[in-house]
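Engineer: So here's run.csv (CSV, C-alpha atoms).
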chain,number,residue,atom,x,y,z
A,1,MET,CA,-14.3,17.5,3.3
A,2,LYS,CA,-10.6,16.5,3.1
A,3,HIS,CA,-11.2,13.4,1.0
A,4,CYS,CA,-13.5,15.3,-1.3
A,5,ILE,CA,-10.7,17.6,-2.4
A,6,VAL,CA,-7.7,15.3,-1.9
A,7,ALA,CA,-7.6,14.3,-5.5
A,8,TYR,CA,-7.0,17.9,-6.5
A,9,LEU,CA,-4.6,18.8,-3.8
A,10,LEU,CA,-2.5,15.7,-3.2
A,11,PHE,CA,0.6,16.8,-5.0
A,12,LEU,CA,-0.2,20.5,-5.4
A,13,GLY,CA,1.1,23.4,-3.3
A,14,VAL,CA,-2.4,24.2,-1.9
A,15,GLY,CA,-3.8,23.9,1.5
A,16,LEU,CA,-2.3,23.3,4.9
A,17,LYS,CA,0.5,20.9,5.6
A,18,GLY,CA,0.0,18.0,8.0
A,19,GLN,CA,1.4,14.6,8.9
A,20,GLU,CA,-0.5,11.9,7.1
A,21,PHE,CA,0.8,8.7,8.6
A,22,MET,CA,0.6,6.9,12.0
A,23,LEU,CA,2.9,4.0,11.3
A,24,ASP,CA,4.6,1.6,13.6
A,25,VAL,CA,8.2,1.3,12.3
A,26,LYS,CA,10.5,-1.6,13.3
A,27,VAL,CA,14.0,-2.6,12.4
A,28,GLN,CA,15.1,-6.1,13.4
A,29,ALA,CA,18.3,-8.0,12.7
A,30,PRO,CA,18.1,-11.4,14.4
A,31,GLN,CA,20.7,-13.0,12.2
A,32,VAL,CA,23.2,-10.2,12.2
A,33,GLN,CA,26.3,-10.8,14.4
A,34,THR,CA,27.5,-7.4,15.8
A,35,ASN,CA,28.3,-5.8,19.1
A,36,ASP,CA,26.6,-2.6,18.0
A,37,ARG,CA,22.9,-3.4,18.4
A,38,GLN,CA,22.2,0.3,19.0
A,39,ILE,CA,22.6,1.0,15.3
A,40,PHE,CA,19.4,-0.8,14.6
A,41,THR,CA,17.5,1.1,17.3
A,42,ASN,CA,18.8,4.4,16.0
A,43,LEU,CA,17.8,3.5,12.5
A,44,GLU,CA,14.3,2.5,13.7
A,45,ASN,CA,13.8,5.8,15.4
A,46,ALA,CA,15.1,7.8,12.5
A,47,LEU,CA,12.8,6.0,10.0
A,48,ARG,CA,9.8,6.4,12.4
A,49,ASN,CA,10.4,10.1,12.7
A,50,PHE,CA,11.0,10.5,8.9
A,51,ILE,CA,7.7,8.8,8.0
A,52,ASN,CA,5.4,10.1,10.7
A,53,GLN,CA,6.7,13.6,11.2
A,54,LYS,CA,7.1,14.6,7.5
A,55,ALA,CA,4.4,16.5,5.7
A,56,TRP,CA,4.1,14.4,2.5
A,57,THR,CA,1.4,16.4,0.9
A,58,GLN,CA,-0.3,19.8,1.2
A,59,VAL,CA,-3.5,18.3,2.6
A,60,ALA,CA,-4.4,18.6,6.2
A,61,PHE,CA,-5.2,15.1,7.7
A,62,GLU,CA,-7.1,14.9,10.9
A,63,ASP,CA,-6.0,12.2,13.3
A,64,LYS,CA,-9.0,10.0,12.5
A,65,GLU,CA,-8.2,10.4,8.7
A,66,LYS,CA,-4.6,9.4,9.0
A,67,ILE,CA,-3.2,6.3,7.2
A,68,ARG,CA,-2.2,3.6,9.7
A,69,GLY,CA,0.0,0.6,9.4
A,70,SER,CA,3.5,-0.6,9.7
A,71,MET,CA,6.9,-1.0,8.1
A,72,VAL,CA,9.1,-3.8,9.4
A,73,PHE,CA,12.7,-3.9,8.1
A,74,THR,CA,14.5,-7.2,8.6
A,75,ILE,CA,18.2,-6.8,8.1
A,76,SER,CA,20.1,-9.9,7.1
A,77,GLU,CA,23.5,-8.4,6.2
A,78,TYR,CA,25.3,-5.6,7.9
A,79,ASP,CA,28.8,-4.2,7.2
A,80,PRO,CA,29.9,-1.9,10.1
A,81,GLY,CA,32.7,-0.5,8.0
A,82,SER,CA,30.6,0.9,5.2
A,83,GLY,CA,27.3,1.0,7.0
A,84,THR,CA,25.7,-1.1,4.3
A,85,MET,CA,22.6,-3.0,5.2
A,86,LYS,CA,20.7,-5.6,3.1
A,87,GLY,CA,17.4,-7.4,3.8
A,88,SER,CA,13.7,-7.2,3.3
A,89,MET,CA,10.8,-5.0,4.3
A,90,GLN,CA,7.1,-5.7,5.0
A,91,CYS,CA,4.7,-2.8,4.7
A,92,GLN,CA,1.0,-2.6,5.3
A,93,PHE,CA,-1.3,0.4,5.2
A,94,ALA,CA,-5.0,0.9,6.1
A,95,ARG,CA,-7.5,3.7,5.7
A,96,PRO,CA,-10.4,4.5,8.1
A,97,VAL,CA,-13.9,3.3,7.2
A,98,TYR,CA,-16.7,5.8,7.5
A,99,MET,CA,-18.5,6.0,10.9
A,100,THR,CA,-16.5,3.1,12.4
A,101,ASP,CA,-13.2,2.4,14.2
A,102,TYR,CA,-12.3,-0.2,11.6
A,103,GLN,CA,-9.3,0.3,9.4
A,104,SER,CA,-9.6,-1.2,5.9
A,105,PRO,CA,-6.3,-2.6,4.6
A,106,ILE,CA,-5.3,-0.9,1.3
A,107,PHE,CA,-1.8,-2.3,0.8
A,108,PHE,CA,0.2,-5.2,2.0
A,109,PHE,CA,3.5,-6.2,0.5
A,110,GLN,CA,6.7,-8.0,1.3
A,111,ASP,CA,9.7,-6.4,-0.4
A,112,GLY,CA,12.5,-8.9,-0.5
A,113,ASP,CA,15.2,-6.7,-2.0
A,114,VAL,CA,16.1,-3.8,0.2
A,115,SER,CA,19.6,-2.4,0.5
A,116,PHE,CA,20.9,1.0,1.8
A,117,THR,CA,23.7,2.5,3.9
A,118,TYR,CA,23.1,4.1,7.3
A,119,ARG,CA,25.3,5.5,10.1
A,120,SER,CA,24.0,6.5,13.6
A,121,ASN,CA,22.8,10.1,13.8
A,122,GLU,CA,22.7,10.4,10.1
A,123,VAL,CA,20.2,13.0,8.8
A,124,LEU,CA,17.7,11.3,6.5
A,125,ASP,CA,17.9,13.4,3.3
A,126,PHE,CA,15.0,13.1,0.9
A,127,ASN,CA,14.3,15.1,-2.2
A,128,PRO,CA,11.3,13.8,-4.3
A,129,GLY,CA,12.9,15.1,-7.5
A,130,ARG,CA,16.2,13.2,-7.2
A,131,HIS,CA,17.5,9.9,-5.9
A,132,SER,CA,20.0,10.3,-3.0
A,133,SER,CA,19.6,7.0,-1.0
A,134,ASN,CA,17.5,3.9,-0.9
A,135,LEU,CA,17.2,4.6,2.8
A,136,THR,CA,14.7,7.3,2.1
A,137,SER,CA,13.6,6.5,-1.4
A,138,VAL,CA,12.2,3.0,-0.6
A,139,PRO,CA,9.9,4.1,2.4
A,140,ALA,CA,9.0,7.3,0.5
A,141,PHE,CA,8.0,5.3,-2.5
A,142,TYR,CA,5.6,3.2,-0.5
A,143,CYS,CA,4.2,6.2,1.4
A,144,TYR,CA,3.3,7.9,-1.8
A,145,VAL,CA,1.7,4.6,-3.1
A,146,ALA,CA,-0.3,4.4,0.1
A,147,LEU,CA,-1.4,8.1,-0.2
A,148,ALA,CA,-2.5,7.6,-3.8
A,149,LEU,CA,-4.4,4.4,-3.0
A,150,ASP,CA,-6.1,6.1,-0.1
A,151,ALA,CA,-7.1,9.1,-2.3
A,152,SER,CA,-8.3,6.8,-5.0
A,153,SER,CA,-10.6,5.0,-2.6
A,154,PHE,CA,-12.4,8.3,-1.8
A,155,SER,CA,-12.4,10.0,-5.2
A,156,THR,CA,-12.7,9.0,-8.9
A,157,GLN,CA,-10.9,12.2,-9.8
A,158,GLN,CA,-7.5,10.9,-8.9
A,159,ASN,CA,-5.9,10.6,-12.4
A,160,ASN,CA,-2.3,11.4,-11.5
A,161,ALA,CA,-2.2,10.0,-8.0
A,162,PHE,CA,0.9,7.9,-8.5
A,163,SER,CA,3.0,10.6,-10.2
A,164,GLN,CA,5.3,11.2,-7.3
A,165,ALA,CA,5.9,7.4,-6.7
A,166,GLN,CA,6.6,7.1,-10.4
A,167,VAL,CA,9.2,9.9,-10.2
A,168,ILE,CA,10.9,8.3,-7.2
A,169,ALA,CA,11.0,4.9,-9.0
A,170,ALA,CA,12.3,6.3,-12.3
A,171,ASN,CA,15.0,8.3,-10.6
A,172,ALA,CA,16.1,5.4,-8.5
A,173,ALA,CA,16.3,3.1,-11.6
A,174,SER,CA,18.2,5.6,-13.7
A,175,SER,CA,20.7,6.1,-10.9
A,176,GLY,CA,21.5,2.4,-10.6
A,177,ALA,CA,20.1,2.1,-7.1
A,178,GLY,CA,19.9,-1.6,-7.2
A,179,GLY,CA,17.3,-4.4,-7.3
A,180,GLY,CA,13.7,-3.7,-6.7
A,181,TRP,CA,13.6,-0.7,-9.0
A,182,ASP,CA,14.1,-2.5,-12.4
A,183,ARG,CA,12.0,-4.8,-14.5
A,184,PHE,CA,14.6,-7.6,-14.6
A,185,SER,CA,15.3,-8.4,-11.0
A,186,SER,CA,11.8,-9.7,-10.2
A,187,SER,CA,8.3,-9.8,-11.6
A,188,ARG,CA,6.9,-8.6,-8.3
A,189,ASN,CA,8.8,-5.6,-7.2
A,190,ARG,CA,8.5,-1.8,-7.1
A,191,PHE,CA,9.0,-1.5,-10.8
A,192,TRP,CA,6.1,-3.8,-11.6
A,193,LEU,CA,3.9,-2.3,-9.0
A,194,MET,CA,4.2,1.1,-10.7
A,195,GLU,CA,4.0,-0.4,-14.2
A,196,GLU,CA,0.7,-2.2,-13.6
A,197,LEU,CA,-0.9,0.6,-11.6
A,198,SER,CA,-0.1,3.1,-14.3
A,199,ASN,CA,-1.1,0.9,-17.3
A,200,PRO,CA,-4.2,2.3,-18.9
A,201,ALA,CA,-5.3,-1.3,-19.7
A,202,ASN,CA,-5.8,-1.8,-15.9
A,203,ALA,CA,-8.2,1.2,-15.6
A,204,ASP,CA,-10.9,-1.1,-14.4
A,205,PHE,CA,-8.9,-1.7,-11.2
A,206,PHE,CA,-9.5,1.8,-10.0
A,207,ILE,CA,-13.2,1.6,-10.8
A,208,ALA,CA,-13.4,-1.5,-8.7
A,209,TRP,CA,-11.1,0.1,-6.0
A,210,TYR,CA,-13.4,3.1,-5.6
A,211,ASP,CA,-16.6,1.1,-5.6
A,212,TYR,CA,-15.2,-1.4,-3.1
A,213,HIS,CA,-14.4,1.3,-0.6
A,214,ARG,CA,-16.9,4.1,-1.1
A,215,LYS,CA,-19.9,2.1,-2.2
A,216,ALA,CA,-19.3,-0.9,0.0
A,217,MET,CA,-17.0,-0.6,3.0
A,218,ASP,CA,-18.1,3.0,3.8
A,219,ARG,CA,-21.8,1.9,3.9
A,220,MET,CA,-21.3,-1.1,6.2
A,221,TYR,CA,-21.9,1.0,9.4
A,222,ASP,CA,-25.6,1.2,8.6
A,223,PRO,CA,-27.5,-2.2,9.0
A,224,LYS,CA,-30.1,-0.8,6.5
A,225,GLN,CA,-27.4,-0.4,3.8
A,226,GLN,CA,-25.4,-3.6,4.4
A,227,MET,CA,-27.1,-5.7,1.8
A,228,ALA,CA,-26.7,-2.9,-0.8
A,229,ALA,CA,-23.1,-2.6,0.3
A,230,LYS,CA,-22.4,-6.3,-0.2
A,231,GLU,CA,-24.0,-6.1,-3.7
A,232,ALA,CA,-21.7,-3.2,-4.5
A,233,MET,CA,-18.6,-5.1,-3.2
A,234,ALA,CA,-19.6,-8.2,-5.3
A,235,SER,CA,-20.0,-6.0,-8.4
A,236,ALA,CA,-16.6,-4.3,-7.7
A,237,LEU,CA,-14.8,-7.7,-7.3
A,238,LEU,CA,-16.4,-9.1,-10.5
A,239,THR,CA,-15.1,-6.1,-12.4
A,240,LEU,CA,-11.6,-7.4,-11.8
A,241,LYS,CA,-12.4,-10.5,-13.9
A,242,ALA,CA,-11.5,-8.7,-17.1
A,243,ILE,CA,-8.0,-8.0,-15.8
A,244,HIS,CA,-7.6,-11.6,-14.7
A,245,THR,CA,-8.8,-13.0,-18.0
A,246,ARG,CA,-6.4,-10.8,-19.9
A,247,GLN,CA,-3.4,-11.6,-17.7
A,248,PRO,CA,-4.1,-14.4,-15.1
A,249,ASN,CA,-0.8,-14.0,-13.2
A,250,ILE,CA,-0.7,-10.2,-13.0
A,251,PHE,CA,1.0,-8.9,-9.9
A,252,LEU,CA,-1.7,-6.2,-9.5
A,253,LEU,CA,-4.3,-8.8,-8.5
A,254,ARG,CA,-1.8,-10.8,-6.4
A,255,TRP,CA,-1.1,-8.0,-4.0
A,256,PHE,CA,-4.8,-6.9,-4.1
A,257,PHE,CA,-5.9,-10.3,-2.8
A,258,ASP,CA,-3.0,-10.6,-0.4
A,259,THR,CA,-4.3,-7.3,1.1
A,260,LYS,CA,-8.0,-7.9,0.9
A,261,SER,CA,-8.8,-11.7,1.1
A,262,ASP,CA,-9.4,-11.8,4.8
A,263,GLU,CA,-11.6,-8.7,4.7
A,264,ILE,CA,-13.7,-10.1,1.8
A,265,GLN,CA,-14.3,-13.3,3.7
A,266,GLN,CA,-15.3,-11.3,6.8
A,267,VAL,CA,-17.7,-9.0,5.0
A,268,PHE,CA,-19.6,-11.8,3.3
A,269,GLY,CA,-19.4,-14.0,6.4
A,270,ASP,CA,-21.1,-11.5,8.7
A,271,GLY,CA,-24.4,-9.5,8.6
A,272,PRO,CA,-27.2,-10.2,6.2
A,273,ARG,CA,-26.7,-13.4,4.2
A,274,TYR,CA,-25.6,-12.7,0.7
A,275,GLN,CA,-25.0,-15.7,-1.6
A,276,ASN,CA,-23.5,-15.3,-5.0
A,277,GLU,CA,-22.0,-18.5,-6.6
A,278,ALA,CA,-20.6,-16.5,-9.6
A,279,LEU,CA,-18.7,-14.3,-7.1
A,280,ILE,CA,-17.3,-17.3,-5.3
A,281,GLN,CA,-16.2,-18.9,-8.5
A,282,ALA,CA,-14.6,-15.7,-9.7
A,283,LEU,CA,-12.7,-15.2,-6.4
A,284,GLN,CA,-11.4,-18.7,-6.4
A,285,ALA,CA,-10.2,-18.3,-10.0
A,286,MET,CA,-8.6,-14.9,-9.4
A,287,ASP,CA,-7.2,-15.8,-6.0
A,288,ALA,CA,-6.3,-19.5,-6.2
A,289,THR,CA,-3.9,-19.1,-3.3
A,290,ASN,CA,-6.8,-18.3,-1.0
A,291,ALA,CA,-9.5,-20.3,-2.7
A,292,SER,CA,-10.4,-22.2,0.4
A,293,LYS,CA,-11.4,-19.0,2.2
A,294,TYR,CA,-14.2,-18.4,-0.2
A,295,LEU,CA,-15.7,-22.0,-0.2
A,296,ASN,CA,-18.6,-21.3,2.2
A,297,MET,CA,-18.8,-17.5,1.8
A,298,GLY,CA,-22.3,-16.3,2.3
A,299,ARG,CA,-23.7,-19.8,2.6
Go ahead and render the structure in this file as structure tokens.
Structural biologist:
Amino acid sequence: MKHCIVAYLLFLGVGLKGQEFMLDVKVQAPQVQTNDRQIFTNLENALRNFINQKAWTQVAFEDKEKIRGSMVFTISEYDPGSGTMKGSMQCQFARPVYMTDYQSPIFFFQDGDVSFTYRSNEVLDFNPGRHSSNLTSVPAFYCYVALALDASSFSTQQNNAFSQAQVIAANAASSGAGGGWDRFSSSRNRFWLMEELSNPANADFFIAWYDYHRKAMDRMYDPKQQMAAKEAMASALLTLKAIHTRQPNIFLLRWFFDTKSDEIQQVFGDGPRYQNEALIQALQAMDATNASKYLNMGR
């Protein structure tokens, strides 16, 4: 029931509040020379509580419905005087698959441009309507992206799912919050993630996204439906060809296949045999980095 109405309630003040994430959060700084290693432990605990204990929406998530995954912050520079930290962050999120214990990955990304300030015992302040700190805006941005991708995988009604992430990104960019938020620092960053997800020209992506999860992954539990599910997944993936043809190097498809390539290989490698040469060729063209994964898929 939750996912049937999530598209309508995600950012509205309706329903019951509940924590939506079960994320493992880690902060590591192997190259930083400092006597105060506790600062990184304190930051790790603060971020874990911020993400997992906050009610991000007005929708009640049961434990089995929660989005799982991890955020790993790798600090490469630290100034004890100012509390400034710079480094990278790897985030990955997964949503549950119907009638199984399997978690389907919905987003995997390596953010190479993360900077913020932090002091031990600092209260992590976050207001979605204004930018106060990258320390909260960066993880909040990715949490809202994950919530929107999760909702879009369950419902086609999710027209404004990324509005909150867009607000965070826009406010951060306008306040001069640094790299990762602007179009010029990189072609694969937070700005371009939002730009391509919100571009009406990429509407086919969300059709494929919904079909991939609801018509394919969520039917895999039933052996009688597995062939139909594979056919639905193949159709969904082939829908992405139009995006690739229009813009072969689009970041949208790069992170999609970084997230999904292993799962695609596994789905078509197990269960009833499904062979589709057109699909294999399309996958190798769209995802040249992982082309070898698809060579014997379904054969």
Engineer: Please, what distance in Å, to one decimal, runs between atom CA of A:Asp218 and atom CA of A:Tyr98?
Structural biologist: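 These atoms are spaced 4.8 Å apart.
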Engineer: Pick out the residues sitting within 8 Å of stretch 36-43 of chain A, and hand them over as JSON, numbers by chain; count only C-alpha atoms, and ignore anything fewer than 4 positions along from it in its own chain.
Structural biologist: {"A": [27, 28, 29, 47, 118, 119, 120, 121]}
Engineer: Hey, can you pull every residue with an atom no more than 12 Å from (-6.6, -20.4, -2.4), using only C-alpha atoms, and send it as a PyMOL selection string?
Structural biologist: chain A and resi 254+257-258+261-262+280-295
Engineer: When you draw a straight line from atom CA of A:Met297 to atom CA of A:Tyr274, how long is it in Å?
Structural biologist: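 Taking atom CA of A:Met297 as the start and atom CA of A:Tyr274 as the end point, the length is 8.4 Å.
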Engineer: With only C-alpha atoms as the basis for distance, which of A:Gln19, A:Met217, A:Gly178, A:Phe251 is at the shortest distance from A:Ala60?
Structural biologist: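 That would be A:Gln19, the residue with the smallest distance to A:Ala60.
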Engineer: Kindly provide the residues of stretch 66-136 of chain A that approach stretch 190-209 of chain A to within 12 Å, each paired with its closest atom pair and their distance in Å to one decimal, based on all atoms listed in the file, listed by chain and increasing number, as CSV.
Structural biologist:
residue,atom,partner,partner_atom,distance
A:Pro105,CA,A:Trp209,CA,11.9
A:Ile106,CA,A:Trp209,CA,9.4
A:Phe107,CA,A:Leu193,CA,11.3
A:Phe108,CA,A:Leu193,CA,12.0
A:Phe109,CA,A:Arg190,CA,10.1
A:Gln110,CA,A:Arg190,CA,10.6
A:Asp111,CA,A:Arg190,CA,8.2
A:Gly112,CA,A:Arg190,CA,10.5
A:Asp113,CA,A:Arg190,CA,9.7
A:Val114,CA,A:Arg190,CA,10.7
Engineer: Which residue out of A:Phe73, A:Trp56, A:Tyr212, A:Tyr142 has the minimum interatomic distance to A:Met89 when only C-alpha atoms are used?
Structural biologist: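 Distance minimum relative to A:Met89 lands on A:Phe73.
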Engineer: My list of candidates is A:Asp150, A:Glu65, A:Glu20, A:Glu77. Which is closest to A:Thr100 when distances are computed with all atoms listed in the file?
Structural biologist: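 Smallest distance to A:Thr100 is found for A:Glu65.
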Engineer: As a list of chain:residue names, please: the residues near A:Ile75 (cut-off 8 Å, only C-alpha atoms, same-chain neighbours under 3 positions excluded).
Structural biologist: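 Within the cut-off, the hits are A:Val27, A:Gln28, A:Ala29, A:Pro30, A:Gln31, A:Val32, A:Tyr78, A:Met85, A:Lys86, A:Gly87, A:Ser88.
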Engineer: Can you work out which one of A:Val267, A:Ala234, A:Cys91, A:Leu124 has the shortest atom-to-atom distance to A:Ala146, counting all atoms listed in the file?
Structural biologist: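 Closest to A:Ala146, using all atoms listed in the file: A:Cys91.
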Engineer: Which residues of stretch 190-270 of chain A come within 12 Å of stretch 92-95 of chain A, and for each one, what is the closest pair of atoms and their distance in Å to one decimal, counting all atoms listed in the file, sorted by chain and residue number, as a tab-separated table?
Structural biologist:
residue	atom	partner	partner_atom	distance
A:His213	CA	A:Arg95	CA	9.6
A:Arg214	CA	A:Arg95	CA	11.6
A:Met217	CA	A:Arg95	CA	10.8
A:Asp218	CA	A:Arg95	CA	10.8
A:Trp255	CA	A:Gln92	CA	11.0
A:Phe256	CA	A:Gln92	CA	11.9
A:Asp258	CA	A:Gln92	CA	10.6
A:Thr259	CA	A:Gln92	CA	8.2
A:Lys260	CA	A:Ala94	CA	10.7
A:Glu263	CA	A:Ala94	CA	11.7
Engineer: What does the distance between atom CA of A:Val72 and atom CA of A:Gln90 come to in Å, to one decimal place?
Structural biologist: 5.2 Å
Engineer: Quick one: of A:Thr117, A:Pro80, A:Ser104, A:Ile51, who's nearest to A:Asn35, counting only C-alpha atoms?
Structural biologist: A:Pro80
Engineer: Counting all atoms listed in the file, figure out which residue out of A:Ala46, A:Ile243, A:Leu252, A:Leu279 gets nearest to A:Glu231.
Structural biologist: A:Leu279
Engineer: Would you list the contacts of A:Gly176 as a list of chain:residue names, taking every protein, DNA or RNA residue within 12 Å and counting only C-alpha atoms, but skipping same-chain residues closer than 5 positions in sequence?
Structural biologist: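 In the requested form, the answer reads A:His131, A:Ser132, A:Ser133, A:Asn134, A:Ala169, A:Ala170, A:Asn171, A:Trp181, A:Asp182.
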Engineer: Extract, using only C-alpha atoms, all DNA, RNA and protein residues at most 9 Å from A:Gly269, discarding same-chain residues fewer than 2 positions from it, and format them as an NGL selection string.
Structural biologist: :A and (264-267 or 271-274 or 296-299)
Engineer: Create the file for the chosen residues now, containing C-alpha atoms and written as a PDB file, in the coordinates of the input.
Structural biologist:
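Writing done, so here's selection.pdb:
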ATOM      1  CA  ILE A 264     -13.700 -10.100   1.800  1.00  0.00           C
ATOM      2  CA  GLN A 265     -14.300 -13.300   3.700  1.00  0.00           C
ATOM      3  CA  GLN A 266     -15.300 -11.300   6.800  1.00  0.00           C
ATOM      4  CA  VAL A 267     -17.700  -9.000   5.000  1.00  0.00           C
ATOM      5  CA  GLY A 271     -24.400  -9.500   8.600  1.00  0.00           C
ATOM      6  CA  PRO A 272     -27.200 -10.200   6.200  1.00  0.00           C
ATOM      7  CA  ARG A 273     -26.700 -13.400   4.200  1.00  0.00           C
ATOM      8  CA  TYR A 274     -25.600 -12.700   0.700  1.00  0.00           C
ATOM      9  CA  ASN A 296     -18.600 -21.300   2.200  1.00  0.00           C
ATOM     10  CA  MET A 297     -18.800 -17.500   1.800  1.00  0.00           C
ATOM     11  CA  GLY A 298     -22.300 -16.300   2.300  1.00  0.00           C
ATOM     12  CA  ARG A 299     -23.700 -19.800   2.600  1.00  0.00           C
TER      13      ARG A 299
END
Engineer: Skip A:Ala229 itself and residues of its chain fewer than 5 positions away, then list as an NGL selection string all residues within 8 Å of it, counting all atoms listed in the file.
Structural biologist: :A and (215-217 or 219-220)
Engineer: Complete the atoms of stretch 35-46 of chain A to N, CA and C atoms and put them out as a PDB file, keeping the file's coordinate frame.
Structural biologist:
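Contents of result_6.pdb, as written:
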ATOM      1  N   ASN A  35      28.348  -6.296  17.733  1.00  0.00           N
ATOM      2  CA  ASN A  35      28.300  -5.800  19.100  1.00  0.00           C
ATOM      3  C   ASN A  35      27.529  -4.471  19.193  1.00  0.00           C
ATOM      4  N   ASP A  36      27.301  -3.863  18.052  1.00  0.00           N
ATOM      5  CA  ASP A  36      26.600  -2.600  18.000  1.00  0.00           C
ATOM      6  C   ASP A  36      25.157  -2.758  17.648  1.00  0.00           C
ATOM      7  N   ARG A  37      24.353  -3.225  18.612  1.00  0.00           N
ATOM      8  CA  ARG A  37      22.900  -3.400  18.400  1.00  0.00           C
ATOM      9  C   ARG A  37      22.182  -2.052  18.358  1.00  0.00           C
ATOM     10  N   GLN A  38      22.824  -1.024  18.948  1.00  0.00           N
ATOM     11  CA  GLN A  38      22.200   0.300  19.000  1.00  0.00           C
ATOM     12  C   GLN A  38      21.952   0.878  17.640  1.00  0.00           C
ATOM     13  N   ILE A  39      22.776   0.473  16.674  1.00  0.00           N
ATOM     14  CA  ILE A  39      22.600   1.000  15.300  1.00  0.00           C
ATOM     15  C   ILE A  39      21.239   0.743  14.766  1.00  0.00           C
ATOM     16  N   PHE A  40      20.672  -0.405  15.109  1.00  0.00           N
ATOM     17  CA  PHE A  40      19.400  -0.800  14.600  1.00  0.00           C
ATOM     18  C   PHE A  40      18.242   0.014  15.295  1.00  0.00           C
ATOM     19  N   THR A  41      18.445   0.259  16.583  1.00  0.00           N
ATOM     20  CA  THR A  41      17.500   1.100  17.300  1.00  0.00           C
ATOM     21  C   THR A  41      17.499   2.517  16.798  1.00  0.00           C
ATOM     22  N   ASN A  42      18.704   3.034  16.542  1.00  0.00           N
ATOM     23  CA  ASN A  42      18.800   4.400  16.000  1.00  0.00           C
ATOM     24  C   ASN A  42      18.154   4.510  14.635  1.00  0.00           C
ATOM     25  N   LEU A  43      18.371   3.493  13.808  1.00  0.00           N
ATOM     26  CA  LEU A  43      17.800   3.500  12.500  1.00  0.00           C
ATOM     27  C   LEU A  43      16.244   3.439  12.582  1.00  0.00           C
ATOM     28  N   GLU A  44      15.753   2.615  13.481  1.00  0.00           N
ATOM     29  CA  GLU A  44      14.300   2.500  13.700  1.00  0.00           C
ATOM     30  C   GLU A  44      13.700   3.838  14.074  1.00  0.00           C
ATOM     31  N   ASN A  45      14.320   4.522  15.009  1.00  0.00           N
ATOM     32  CA  ASN A  45      13.800   5.800  15.400  1.00  0.00           C
ATOM     33  C   ASN A  45      13.878   6.858  14.322  1.00  0.00           C
ATOM     34  N   ALA A  46      14.970   6.820  13.551  1.00  0.00           N
ATOM     35  CA  ALA A  46      15.100   7.800  12.500  1.00  0.00           C
ATOM     36  C   ALA A  46      14.073   7.571  11.391  1.00  0.00           C
TER      37      ALA A  46
END
